[in-house]
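Peer 1: Below is the file my_file36.csv, with CSV, C-alpha atoms and all ligand atoms.
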chain,number,residue,atom,x,y,z
U,1,MET,CA,-28.7,7.1,-13.1
U,2,ASN,CA,-25.5,9.0,-12.3
U,3,ARG,CA,-22.9,7.1,-10.3
U,4,LEU,CA,-20.2,8.2,-7.9
U,5,ALA,CA,-16.7,6.7,-8.2
U,6,PRO,CA,-14.4,7.7,-5.4
U,7,SER,CA,-10.7,7.5,-6.4
U,8,ILE,CA,-8.7,5.5,-3.9
U,9,LEU,CA,-5.6,7.4,-5.0
U,10,SER,CA,-6.4,9.8,-2.2
U,11,ALA,CA,-7.2,7.1,0.3
U,12,ASP,CA,-5.1,6.3,3.3
U,13,PHE,CA,-3.3,3.2,1.9
U,14,SER,CA,-2.5,1.9,5.4
U,15,ARG,CA,-6.2,1.7,6.0
U,16,LEU,CA,-7.4,1.0,2.4
U,17,GLY,CA,-9.9,-1.8,3.3
U,18,GLU,CA,-11.6,0.3,6.0
U,19,GLU,CA,-11.8,3.4,3.8
U,20,VAL,CA,-13.4,1.4,1.0
U,21,LYS,CA,-15.9,-0.1,3.4
U,22,THR,CA,-16.8,3.4,4.6
U,23,ILE,CA,-17.5,4.7,1.0
U,24,GLU,CA,-19.4,1.5,0.2
U,25,GLU,CA,-21.7,1.9,3.3
U,26,ALA,CA,-22.2,5.5,2.5
U,27,GLY,CA,-23.6,4.6,-0.9
U,28,ALA,CA,-20.8,5.1,-3.4
U,29,HIS,CA,-21.3,3.1,-6.5
U,30,VAL,CA,-17.9,2.3,-8.0
U,31,ILE,CA,-14.2,2.3,-6.9
U,32,HIS,CA,-12.0,4.3,-9.2
U,33,VAL,CA,-8.5,2.7,-9.4
U,34,ASP,CA,-5.8,5.0,-10.8
U,35,VAL,CA,-2.8,3.1,-12.2
U,36,MET,CA,0.3,5.2,-13.0
U,37,ASP,CA,3.5,4.0,-14.5
U,38,GLY,CA,5.9,6.9,-14.1
U,39,HIS,CA,6.3,7.1,-17.9
U,40,PHE,CA,3.0,8.1,-19.4
U,41,VAL,CA,2.4,10.3,-16.4
U,42,PRO,CA,5.0,11.7,-14.0
U,43,ASN,CA,4.0,9.7,-11.0
U,44,ILE,CA,3.8,6.0,-9.9
U,45,SER,CA,0.8,4.9,-7.9
U,46,TYR,CA,0.0,1.1,-7.5
U,47,GLY,CA,-0.8,-1.9,-9.6
U,48,ALA,CA,-3.1,-4.9,-9.8
U,49,THR,CA,-1.8,-6.4,-6.6
U,50,VAL,CA,-3.1,-3.6,-4.5
U,51,MET,CA,-6.4,-3.6,-6.4
U,52,LYS,CA,-6.8,-7.3,-5.9
U,53,SER,CA,-6.2,-7.0,-2.2
U,54,LEU,CA,-9.7,-5.5,-2.1
U,55,LEU,CA,-11.3,-8.6,-3.7
U,56,GLY,CA,-13.7,-10.3,-1.2
U,57,LYS,CA,-13.6,-7.1,0.9
U,58,THR,CA,-16.0,-5.1,-1.2
U,59,GLY,CA,-19.0,-5.7,-3.5
U,60,LEU,CA,-18.3,-2.5,-5.4
U,61,PRO,CA,-17.2,-2.8,-9.0
U,62,PHE,CA,-13.8,-1.6,-10.0
U,63,ASP,CA,-13.3,1.2,-12.6
U,64,VAL,CA,-9.7,0.8,-13.7
U,65,HIS,CA,-8.0,3.9,-15.1
U,66,LEU,CA,-4.8,2.9,-16.7
U,67,MET,CA,-2.4,5.8,-17.1
U,68,ILE,CA,0.3,3.6,-18.6
U,69,GLU,CA,2.3,2.8,-21.7
U,70,ASN,CA,2.1,-0.7,-23.2
U,71,ALA,CA,-1.4,-1.2,-21.8
U,72,ASP,CA,-2.0,-4.3,-23.8
U,73,ARG,CA,0.7,-6.1,-21.7
U,74,TYR,CA,-1.1,-5.4,-18.4
U,75,ILE,CA,-4.8,-5.4,-19.2
U,76,GLU,CA,-5.4,-9.1,-18.3
U,77,SER,CA,-3.9,-8.6,-14.9
U,78,PHE,CA,-6.7,-6.2,-14.0
U,79,VAL,CA,-9.5,-8.5,-15.0
U,80,THR,CA,-11.2,-9.8,-11.8
U,81,GLU,CA,-14.8,-10.6,-10.8
U,82,ASN,CA,-15.1,-7.0,-9.6
U,83,THR,CA,-13.7,-5.3,-12.7
U,84,GLU,CA,-16.5,-3.5,-14.6
U,85,TYR,CA,-14.4,-1.0,-16.7
U,86,ILE,CA,-10.8,-0.9,-17.9
U,87,THR,CA,-10.0,2.5,-19.4
U,88,VAL,CA,-6.9,3.3,-21.5
U,89,HIS,CA,-5.6,6.6,-22.7
U,90,ALA,CA,-6.0,7.5,-26.4
U,91,GLU,CA,-2.6,9.3,-26.2
U,92,ALA,CA,-0.9,6.2,-24.9
U,93,CYS,CA,-2.3,3.6,-27.4
U,94,VAL,CA,-0.9,3.4,-30.9
U,95,HIS,CA,-3.4,0.7,-31.9
U,96,LEU,CA,-6.4,2.0,-30.0
U,97,HIS,CA,-9.0,-0.1,-31.8
U,98,ARG,CA,-7.1,-3.3,-31.1
U,99,THR,CA,-6.7,-2.4,-27.4
U,100,ILE,CA,-10.5,-1.8,-27.0
U,101,GLN,CA,-11.2,-5.2,-28.6
U,102,LEU,CA,-8.6,-6.8,-26.2
U,103,ILE,CA,-10.4,-5.3,-23.1
U,104,ARG,CA,-13.8,-6.5,-24.4
U,105,SER,CA,-12.4,-10.0,-25.2
U,106,PHE,CA,-12.2,-10.5,-21.4
U,107,GLY,CA,-15.9,-9.6,-20.9
U,108,VAL,CA,-15.0,-6.3,-19.4
U,109,LYS,CA,-16.3,-2.9,-20.5
U,110,ALA,CA,-13.9,-0.8,-22.4
U,111,GLY,CA,-13.2,2.9,-21.9
U,112,VAL,CA,-11.0,5.5,-23.5
U,113,ALA,CA,-9.7,8.5,-21.6
U,114,LEU,CA,-8.8,11.9,-23.2
U,115,ASN,CA,-6.3,14.3,-21.7
U,116,PRO,CA,-7.3,17.9,-21.5
U,117,ALA,CA,-5.7,18.9,-24.8
U,118,THR,CA,-7.0,15.9,-26.7
U,119,PRO,CA,-10.1,16.5,-28.9
U,120,PRO,CA,-13.2,14.3,-28.8
U,121,SER,CA,-12.7,13.6,-32.5
U,122,VAL,CA,-10.0,11.0,-31.8
U,123,LEU,CA,-13.0,8.8,-30.8
U,124,GLU,CA,-14.7,9.3,-34.1
U,125,TYR,CA,-13.9,5.8,-35.5
U,126,VAL,CA,-14.2,3.8,-32.3
U,127,LEU,CA,-17.3,5.4,-30.8
U,128,GLU,CA,-19.6,2.4,-31.5
U,129,ASP,CA,-17.1,0.1,-29.8
U,130,LEU,CA,-16.9,2.1,-26.6
U,131,ASP,CA,-18.6,1.4,-23.3
U,132,MET,CA,-17.2,4.6,-21.8
U,133,ALA,CA,-15.5,7.8,-22.6
U,134,LEU,CA,-13.5,9.5,-19.8
U,135,VAL,CA,-13.0,13.2,-19.9
U,136,MET,CA,-9.9,14.2,-17.9
U,137,SER,CA,-10.5,17.6,-16.3
U,138,VAL,CA,-6.9,17.8,-15.0
U,139,ASN,CA,-3.7,16.7,-16.5
U,140,PRO,CA,-3.4,13.1,-15.3
U,141,GLY,CA,-0.8,12.1,-12.6
U,142,PHE,CA,-1.9,13.6,-9.3
U,143,GLY,CA,-4.9,14.0,-7.1
U,144,GLY,CA,-6.0,17.4,-5.7
U,145,GLN,CA,-5.5,19.5,-8.8
U,146,LYS,CA,-7.7,22.3,-10.0
U,147,PHE,CA,-10.5,21.6,-12.5
U,148,ILE,CA,-9.8,22.8,-16.1
U,149,PRO,CA,-12.9,24.6,-17.3
U,150,SER,CA,-12.6,23.5,-21.0
U,151,ALA,CA,-13.6,20.0,-19.9
U,152,MET,CA,-17.1,21.3,-19.6
U,153,ASP,CA,-17.3,22.0,-23.3
U,154,LYS,CA,-15.8,18.6,-24.1
U,155,LEU,CA,-18.4,16.9,-21.9
U,156,ARG,CA,-21.2,18.6,-23.9
U,157,THR,CA,-19.6,17.6,-27.2
U,158,LEU,CA,-19.3,14.0,-26.1
U,159,ALA,CA,-22.8,14.0,-24.8
U,160,ALA,CA,-24.0,15.0,-28.3
U,161,MET,CA,-21.9,12.3,-30.0
U,162,LYS,CA,-23.3,9.8,-27.5
U,163,ALA,CA,-26.9,10.8,-28.2
U,164,GLU,CA,-26.4,10.5,-31.9
U,165,ARG,CA,-24.2,7.4,-32.2
U,166,ASN,CA,-24.0,5.3,-29.0
U,167,PRO,CA,-26.6,6.1,-26.4
U,168,ARG,CA,-25.4,3.3,-24.1
U,169,MET,CA,-21.9,4.8,-23.8
U,170,VAL,CA,-21.1,6.1,-20.3
U,171,ILE,CA,-19.4,9.5,-20.0
U,172,GLU,CA,-17.0,9.8,-17.0
U,173,VAL,CA,-15.4,12.9,-15.7
U,174,ASP,CA,-12.2,12.8,-13.6
U,175,GLY,CA,-10.1,15.5,-11.9
U,176,GLY,CA,-10.9,18.5,-9.7
U,177,VAL,CA,-14.5,17.4,-9.0
U,178,SER,CA,-16.0,19.0,-5.9
U,179,LEU,CA,-19.3,19.7,-4.3
U,180,GLN,CA,-19.2,23.1,-6.1
U,181,ASN,CA,-19.1,21.8,-9.6
U,182,VAL,CA,-20.6,18.3,-9.5
U,183,SER,CA,-24.2,19.5,-10.4
U,184,GLN,CA,-22.9,21.3,-13.5
U,185,LEU,CA,-21.0,18.2,-14.6
U,186,THR,CA,-24.0,16.0,-14.4
U,187,GLU,CA,-26.0,18.6,-16.3
U,188,ALA,CA,-23.4,18.7,-19.0
U,189,GLY,CA,-23.7,15.0,-19.5
U,190,ALA,CA,-21.4,13.2,-17.0
U,191,ASP,CA,-22.8,9.8,-15.9
U,192,LEU,CA,-19.9,8.6,-13.8
U,193,ILE,CA,-18.3,11.1,-11.4
U,194,VAL,CA,-14.8,10.5,-10.1
U,195,ALA,CA,-13.8,12.3,-6.9
U,196,GLY,CA,-10.6,11.6,-5.1
U,197,SER,CA,-9.3,14.3,-2.7
U,198,SER,CA,-12.8,15.8,-2.2
U,199,VAL,CA,-14.0,12.4,-0.8
U,200,PHE,CA,-11.0,10.9,1.0
U,201,GLY,CA,-9.6,14.3,2.1
U,202,ALA,CA,-12.9,15.2,3.8
U,203,PRO,CA,-13.0,15.3,7.6
U,204,ASP,CA,-16.0,12.9,7.5
U,205,ILE,CA,-15.7,10.6,4.4
U,206,SER,CA,-19.1,9.0,4.8
U,207,ALA,CA,-20.8,12.4,5.2
U,208,ARG,CA,-19.0,13.7,2.1
U,209,VAL,CA,-20.1,10.8,-0.1
U,210,LYS,CA,-23.7,11.5,1.0
U,211,GLU,CA,-23.3,15.2,0.2
U,212,PHE,CA,-22.1,14.2,-3.3
U,213,LEU,CA,-25.0,11.8,-3.9
U,214,ALA,CA,-27.5,14.4,-2.9
U,215,LEU,CA,-26.2,16.8,-5.5
U,216,MET,CA,-25.9,14.4,-8.4
K,1,LIG,C1,-5.6,11.9,-11.8
K,1,LIG,C2,-6.4,10.7,-11.5
K,1,LIG,C3,-7.7,11.1,-10.8
K,1,LIG,C4,-7.4,11.6,-9.4
K,1,LIG,C5,-8.5,12.6,-9.1
K,1,LIG,O1,-4.5,11.6,-12.6
K,1,LIG,O2,-6.8,10.1,-12.7
K,1,LIG,O3,-8.6,10.0,-10.8
K,1,LIG,O4,-7.4,10.6,-8.4
K,1,LIG,O5,-8.2,13.2,-7.9
K,1,LIG,P1,-9.0,14.5,-7.5
K,1,LIG,O6,-10.5,14.2,-7.5
K,1,LIG,O7,-8.4,14.9,-6.2
K,1,LIG,O8,-8.8,15.6,-8.6
K,2,ZN,ZN,-8.5,8.6,-12.6
Rewrite the structure of this file - the entire thing - as structure tokens.
Ligand code: DX5
Ligand code: ZN

Peer 2:
Amino acid sequence: MNRLAPSILSADFSRLGEEVKTIEEAGAHVIHVDVMDGHFVPNISYGATVMKSLLGKTGLPFDVHLMIENADRYIESFVTENTEYITVHAEACVHLHRTIQLIRSFGVKAGVALNPATPPSVLEYVLEDLDMALVMSVNPGFGGQKFIPSAMDKLRTLAAMKAERNPRMVIEVDGGVSLQNVSQLTEAGADLIVAGSSVFGAPDISARVKEFLALM
């Protein structure tokens, strides 16, 4: 089953709890948590404290997308009873294999994200250890950017790698996802769909979640 993961990067932070409740009641499956350090990406978002403020307020699992350097130092602080995935960037991890094992040592599923210019082949020697591969369809750092079309081809390549070597691996797509392209993305092999501005920027957030779910 495909799942929808609205990104709270585009939520109204002054009303974060209420907005998360809205997407949960509308049927969203996962909360995508974008963590940016101002070094790996040219923007600073929020950290584990903000994510943890949602504990006890939502039953939805957290999908933590770490766009940070020195991920090993911070991984444990994102491990909570709601944390399903912790994803690191291949470009930011010198010892990627070790970092994946570290995430899994906490009983959390491990994901690796690929920037638009990074080939799927960087996952060649860790594929069997992965719970998730995240295809970035924008350059990470900001919500509301335009979808980069080459991501479609990367999704198909990863779907083929998944079928051959690790069928339980989830493929996630993140960046520029809209009602216009979501069906194409699921057809190309995306299992977990991130949508930020197209959900939280909608005039009716709840109706927008339902529109997405109908198309997936
Ligand atoms: C971008 C983040 C995304 C972002 C997506 O660096 O990783 O998760 O929130 O936002 P939209 O859906 O608006 O492109
Ligand atoms: Zn993200």

Peer 1: Between chain U and ligand LIG 1 (chain K), at 9 Å or less, what are the per-residue closest atom pairs and their distances in Å? Count all atoms listed in the file, order by chain and rising residue number, and return it as JSON lines.

Peer 2:
{"residue": "U:Pro6", "atom": "CA", "partner": "K:LIG1", "partner_atom": "O6", "distance": 7.9}
{"residue": "U:Ser7", "atom": "CA", "partner": "K:LIG1", "partner_atom": "O4", "distance": 4.9}
{"residue": "U:Ile8", "atom": "CA", "partner": "K:LIG1", "partner_atom": "O4", "distance": 6.9}
{"residue": "U:Leu9", "atom": "CA", "partner": "K:LIG1", "partner_atom": "O4", "distance": 5.0}
{"residue": "U:Ser10", "atom": "CA", "partner": "K:LIG1", "partner_atom": "O4", "distance": 6.3}
{"residue": "U:His32", "atom": "CA", "partner": "K:LIG1", "partner_atom": "O3", "distance": 6.8}
{"residue": "U:Val33", "atom": "CA", "partner": "K:LIG1", "partner_atom": "O3", "distance": 7.4}
{"residue": "U:Asp34", "atom": "CA", "partner": "K:LIG1", "partner_atom": "O2", "distance": 5.5}
{"residue": "U:Val35", "atom": "CA", "partner": "K:LIG1", "partner_atom": "O2", "distance": 8.1}
{"residue": "U:Met36", "atom": "CA", "partner": "K:LIG1", "partner_atom": "O1", "distance": 8.0}
{"residue": "U:Val41", "atom": "CA", "partner": "K:LIG1", "partner_atom": "O1", "distance": 8.0}
{"residue": "U:Asn43", "atom": "CA", "partner": "K:LIG1", "partner_atom": "O1", "distance": 8.9}
{"residue": "U:His65", "atom": "CA", "partner": "K:LIG1", "partner_atom": "O2", "distance": 6.8}
{"residue": "U:Leu66", "atom": "CA", "partner": "K:LIG1", "partner_atom": "O2", "distance": 8.5}
{"residue": "U:Met67", "atom": "CA", "partner": "K:LIG1", "partner_atom": "O2", "distance": 7.6}
{"residue": "U:Met136", "atom": "CA", "partner": "K:LIG1", "partner_atom": "O2", "distance": 7.3}
{"residue": "U:Ser137", "atom": "CA", "partner": "K:LIG1", "partner_atom": "O8", "distance": 8.1}
{"residue": "U:Val138", "atom": "CA", "partner": "K:LIG1", "partner_atom": "C1", "distance": 6.8}
{"residue": "U:Asn139", "atom": "CA", "partner": "K:LIG1", "partner_atom": "O1", "distance": 6.5}
{"residue": "U:Pro140", "atom": "CA", "partner": "K:LIG1", "partner_atom": "O1", "distance": 3.3}
{"residue": "U:Gly141", "atom": "CA", "partner": "K:LIG1", "partner_atom": "O1", "distance": 3.7}
{"residue": "U:Phe142", "atom": "CA", "partner": "K:LIG1", "partner_atom": "O1", "distance": 4.7}
{"residue": "U:Gly143", "atom": "CA", "partner": "K:LIG1", "partner_atom": "O5", "distance": 3.5}
{"residue": "U:Gly144", "atom": "CA", "partner": "K:LIG1", "partner_atom": "O7", "distance": 3.5}
{"residue": "U:Gln145", "atom": "CA", "partner": "K:LIG1", "partner_atom": "O8", "distance": 5.1}
{"residue": "U:Lys146", "atom": "CA", "partner": "K:LIG1", "partner_atom": "O8", "distance": 6.9}
{"residue": "U:Phe147", "atom": "CA", "partner": "K:LIG1", "partner_atom": "O8", "distance": 7.4}
{"residue": "U:Val173", "atom": "CA", "partner": "K:LIG1", "partner_atom": "O3", "distance": 8.9}
{"residue": "U:Asp174", "atom": "CA", "partner": "K:LIG1", "partner_atom": "O3", "distance": 5.4}
{"residue": "U:Gly175", "atom": "CA", "partner": "K:LIG1", "partner_atom": "O8", "distance": 3.5}
{"residue": "U:Gly176", "atom": "CA", "partner": "K:LIG1", "partner_atom": "O8", "distance": 3.7}
{"residue": "U:Val177", "atom": "CA", "partner": "K:LIG1", "partner_atom": "O6", "distance": 5.3}
{"residue": "U:Ser178", "atom": "CA", "partner": "K:LIG1", "partner_atom": "O6", "distance": 7.5}
{"residue": "U:Val194", "atom": "CA", "partner": "K:LIG1", "partner_atom": "O6", "distance": 6.2}
{"residue": "U:Ala195", "atom": "CA", "partner": "K:LIG1", "partner_atom": "O6", "distance": 3.9}
{"residue": "U:Gly196", "atom": "CA", "partner": "K:LIG1", "partner_atom": "O6", "distance": 3.5}
{"residue": "U:Ser197", "atom": "CA", "partner": "K:LIG1", "partner_atom": "O7", "distance": 3.7}
{"residue": "U:Ser198", "atom": "CA", "partner": "K:LIG1", "partner_atom": "O6", "distance": 6.0}
{"residue": "U:Val199", "atom": "CA", "partner": "K:LIG1", "partner_atom": "O6", "distance": 7.8}
{"residue": "U:Phe200", "atom": "CA", "partner": "K:LIG1", "partner_atom": "O7", "distance": 8.6}
{"residue": "U:Gly201", "atom": "CA", "partner": "K:LIG1", "partner_atom": "O7", "distance": 8.4}

Peer 1: As an exercise, work out the distance from CA of Leu185 in chain U to CA of Ile100 in chain U in Å and give it to one decimal place.

Peer 2: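 Taking CA of Leu185 in chain U and CA of Ile100 in chain U, their separation equals 25.8 Å.
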
Peer 1: For each of U:Phe13, U:Phe106, U:Tyr74, U:Tyr85, take the minimum atom-to-atom distance to ligand ZN 2 (chain K), counting all atoms listed in the file, then give the residue where this is smallest.

Peer 2: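 That would be U:Tyr85, the residue with the smallest distance to ligand ZN 2 (chain K).
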
Peer 1: Find, counting all atoms listed in the file, the residue in U:His39, U:Ile68, U:Pro119, U:Arg98 that gets nearest to ligand ZN 2 (chain K).

Peer 2: U:Ile68

Peer 1: Neighbouring residues of Thr99 in chain U were defined as those with any atom within 12 Å, considering all atoms listed in the file; residues of the same chain fewer than 5 positions away were excluded. Please report them as a PyMOL selection string.

Peer 2: chain U and resi 69-76+86-90+92-94+104-106+109-112+126+129-130

Peer 1: Taking into account only C-alpha atoms, which residue in the set U:Gly17, U:Ala133, U:Met152, U:Leu127 is nearest to Ile171 in chain U?

Peer 2: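 Comparing U:Gly17, U:Ala133, U:Met152, U:Leu127 against Ile171 in chain U, the winner is U:Ala133.
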
Peer 1: Smallest atom-to-atom distance to ligand ZN 2 (chain K): which of U:Glu128, U:Asp63, U:Asp37, U:Glu84, using only C-alpha atoms and all ligand atoms?

Peer 2: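 Under the stated criterion, the closest residue is U:Asp63.
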
Peer 1: Ranking U:Thr186, U:Thr118, U:Ser45, U:Asn2 by minimum distance to ligand ZN 2 (chain K) and counting only C-alpha atoms and all ligand atoms, which one comes first?

Peer 2: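 Using only C-alpha atoms and all ligand atoms, ligand ZN 2 (chain K) sits closest to U:Ser45.
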
Peer 1: Rounded to one decimal place, report the CA of Ala5 in chain U-CA of Gly189 in chain U distance in Å.

Peer 2: 15.7 Å

Peer 1: Could you check which of U:Met216, U:Ala26, U:Leu55, U:Leu114 is closest to ligand ZN 2 (chain K), using all atoms listed in the file?

Peer 2: U:Leu114

Peer 1: Separation of CA of Phe62 in chain U and CA of Val79 in chain U, in Å?

Peer 2: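 Answer for the CA of Phe62 in chain U to CA of Val79 in chain U separation: 9.5 Å.
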
Peer 1: Can you tell me, as JSON, numbers by chain, what residues are no more than 8 Å from Val182 in chain U when counting all atoms listed in the file, ignoring any on the same chain fewer than 6 positions away?

Peer 2: {"U": [193, 212, 215, 216]}

Peer 1: Using all atoms listed in the file and a cutoff of 12 Å, can you tell me which residues are near (-25.2, 15.6, 1.4) in the file's coordinates, and write them out as a list in words?

Peer 2: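 Every residue inside that radius is included here: Ala26, Gly27, Leu179, Val199, Asp204, Ile205, Ser206, Ala207, Arg208, Val209, Lys210, Glu211, Phe212, Leu213, Ala214, Leu215 and Met216 of chain U.
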
Peer 1: Just save range 149-160 of chain U with N, CA, C and O atoms, as a PDB file, in the first residue's frame.

Peer 2:
ATOM      1  N   PRO U 149      12.421  16.589 -13.294  1.00  0.00           N
ATOM      2  CA  PRO U 149      11.898  15.423 -14.018  1.00  0.00           C
ATOM      3  C   PRO U 149      12.792  14.182 -14.013  1.00  0.00           C
ATOM      4  O   PRO U 149      12.285  13.060 -14.062  1.00  0.00           O
ATOM      5  N   SER U 150      14.127  14.348 -13.920  1.00  0.00           N
ATOM      6  CA  SER U 150      15.000  13.166 -13.967  1.00  0.00           C
ATOM      7  C   SER U 150      14.757  12.228 -12.776  1.00  0.00           C
ATOM      8  O   SER U 150      15.181  11.066 -12.798  1.00  0.00           O
ATOM      9  N   ALA U 151      14.083  12.716 -11.757  1.00  0.00           N
ATOM     10  CA  ALA U 151      13.781  11.865 -10.604  1.00  0.00           C
ATOM     11  C   ALA U 151      12.896  10.682 -10.998  1.00  0.00           C
ATOM     12  O   ALA U 151      12.945   9.619 -10.374  1.00  0.00           O
ATOM     13  N   MET U 152      12.105  10.878 -12.041  1.00  0.00           N
ATOM     14  CA  MET U 152      11.195   9.830 -12.506  1.00  0.00           C
ATOM     15  C   MET U 152      11.995   8.599 -12.962  1.00  0.00           C
ATOM     16  O   MET U 152      11.684   7.470 -12.616  1.00  0.00           O
ATOM     17  N   ASP U 153      13.054   8.872 -13.712  1.00  0.00           N
ATOM     18  CA  ASP U 153      13.921   7.813 -14.207  1.00  0.00           C
ATOM     19  C   ASP U 153      14.630   7.113 -13.038  1.00  0.00           C
ATOM     20  O   ASP U 153      14.771   5.889 -13.005  1.00  0.00           O
ATOM     21  N   LYS U 154      15.035   7.912 -12.047  1.00  0.00           N
ATOM     22  CA  LYS U 154      15.727   7.333 -10.885  1.00  0.00           C
ATOM     23  C   LYS U 154      14.788   6.433 -10.091  1.00  0.00           C
ATOM     24  O   LYS U 154      15.181   5.374  -9.591  1.00  0.00           O
ATOM     25  N   LEU U 155      13.525   6.828  -9.999  1.00  0.00           N
ATOM     26  CA  LEU U 155      12.540   5.986  -9.302  1.00  0.00           C
ATOM     27  C   LEU U 155      12.418   4.630  -9.982  1.00  0.00           C
ATOM     28  O   LEU U 155      12.392   3.588  -9.322  1.00  0.00           O
ATOM     29  N   ARG U 156      12.369   4.655 -11.317  1.00  0.00           N
ATOM     30  CA  ARG U 156      12.233   3.391 -12.060  1.00  0.00           C
ATOM     31  C   ARG U 156      13.466   2.508 -11.878  1.00  0.00           C
ATOM     32  O   ARG U 156      13.359   1.293 -11.704  1.00  0.00           O
ATOM     33  N   THR U 157      14.638   3.125 -11.898  1.00  0.00           N
ATOM     34  CA  THR U 157      15.882   2.361 -11.703  1.00  0.00           C
ATOM     35  C   THR U 157      15.893   1.718 -10.321  1.00  0.00           C
ATOM     36  O   THR U 157      16.218   0.534 -10.162  1.00  0.00           O
ATOM     37  N   LEU U 158      15.505   2.498  -9.314  1.00  0.00           N
ATOM     38  CA  LEU U 158      15.489   1.967  -7.947  1.00  0.00           C
ATOM     39  C   LEU U 158      14.430   0.881  -7.782  1.00  0.00           C
ATOM     40  O   LEU U 158      14.637  -0.093  -7.057  1.00  0.00           O
ATOM     41  N   ALA U 159      13.303   1.062  -8.460  1.00  0.00           N
ATOM     42  CA  ALA U 159      12.248   0.041  -8.381  1.00  0.00           C
ATOM     43  C   ALA U 159      12.761  -1.289  -8.935  1.00  0.00           C
ATOM     44  O   ALA U 159      12.452  -2.359  -8.394  1.00  0.00           O
ATOM     45  N   ALA U 160      13.573  -1.221  -9.981  1.00  0.00           N
ATOM     46  CA  ALA U 160      14.142  -2.449 -10.562  1.00  0.00           C
ATOM     47  C   ALA U 160      15.160  -3.061  -9.602  1.00  0.00           C
ATOM     48  O   ALA U 160      15.188  -4.288  -9.394  1.00  0.00           O
TER      49      ALA U 160
END
